[in-house]
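Chemist: Sharing a structure here in structure tokens format.
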Amino acid sequence: MGSPRGRKRRHRLAKFLRVSYPLENALFQWEEGHRNIAALRQEAGGVRDTDRALRALADELRRRIGPTFTAVELAQLYAEGTDWCSQVALDTGATAEPQDLADAAFWLYLRGARDFSGGRQLSPEEAAGI
């Protein structure tokens with residue numbers, strides 16, 4: 001049957017491979033939103049409200065997914081819908097496109113994923129430190 005540690009590792013690998021929303025699509029959308037927000041921040045007056053909205057979205061992401069997560073888990077949260085992101089953006093008074101703010105926030109939050117580093121997804125073995 002295998003050791004408990006081996007079963008745990010296989011469970012993590014199975015969970016990693018079971019993706020209901022393609023991570024690659026999410027990464028593309030998130031990066032595009034981040035680029036759009038970066039361009040907006042170059043315009044006068046776009047920095048303060050954009051930063052406030054991104055901080056509020058990061059706080060909400062932390063509340064929804066926690067500080068320890070994988071890139072796949074973040075993509076699954078994204079696939080569940082981002083209407084709540086639009087509401088956060090409106091509540092902060094941001095003038096940027098709410099979906100761009102949502103995508104940029106997910107892109108920035110992705111840096112904290114335990115299986116994502118340097119712009120690429122780590123293999124299950126790399127993420128597990130094997």
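A note on labels: chains of the structure tokens are A, B, ... as shown, every chain counts residues from 1, and ligands are counted from 1 in their shown order.
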So that I can check the surroundings of Leu61 of chain A, please list as a list in words every protein, DNA and RNA residue that reaches within 10 Å of it, counting only C-alpha atoms and ignoring chain neighbours fewer than 3 positions away.
Modeler: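 Everything that qualifies: Arg55, Ala56, Leu57, Ala58, Arg64, Ile65, Gly66, Pro67, Leu74, Leu77, Cys85, Ala105, Phe106 and Tyr109 of chain A.
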Chemist: Export, as a PDB file, in the first residue's frame, the selected residues with C-alpha atoms.
Modeler:
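Final file, result.pdb:
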ATOM      1  CA  ARG A  55      -4.157  46.188  -1.822  1.00  0.00           C
ATOM      2  CA  ALA A  56      -7.846  45.630  -1.082  1.00  0.00           C
ATOM      3  CA  LEU A  57      -7.999  42.802  -3.619  1.00  0.00           C
ATOM      4  CA  ALA A  58      -4.870  41.195  -2.142  1.00  0.00           C
ATOM      5  CA  ARG A  64     -10.450  33.635   0.450  1.00  0.00           C
ATOM      6  CA  ILE A  65      -7.484  31.361  -0.295  1.00  0.00           C
ATOM      7  CA  GLY A  66      -5.078  32.003   2.565  1.00  0.00           C
ATOM      8  CA  PRO A  67      -1.343  32.587   2.567  1.00  0.00           C
ATOM      9  CA  LEU A  74      -5.543  30.161  -7.304  1.00  0.00           C
ATOM     10  CA  LEU A  77     -10.626  30.346  -7.282  1.00  0.00           C
ATOM     11  CA  CYS A  85     -13.350  41.645  -7.364  1.00  0.00           C
ATOM     12  CA  ALA A 105      -4.321  41.257  -8.369  1.00  0.00           C
ATOM     13  CA  PHE A 106      -4.345  37.532  -9.153  1.00  0.00           C
ATOM     14  CA  TYR A 109      -0.819  37.255  -5.612  1.00  0.00           C
TER      15      TYR A 109
END
Chemist: Can you pull out every residue within 12 Å of Ala94 of chain A, counting only C-alpha atoms, but drop anything in the same chain fewer than 4 positions away, and send it as number ranges by chain?
Modeler: A: 37, 40-41, 45-57, 85-90, 98-102
Chemist: Calculated over only C-alpha atoms, which of the candidates A:Ala79, A:Leu23, A:Ala71, A:Ala96 has the smallest distance to Gly112 of chain A?
Modeler: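 Nearest to Gly112 of chain A: A:Ala71.
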Chemist: Just the alpha helix (DSSP H) stuff from segment 92-122 of chain A, please, per backbone DSSP, written as a PyMOL selection string.
Modeler: chain A and resi 92+98-110
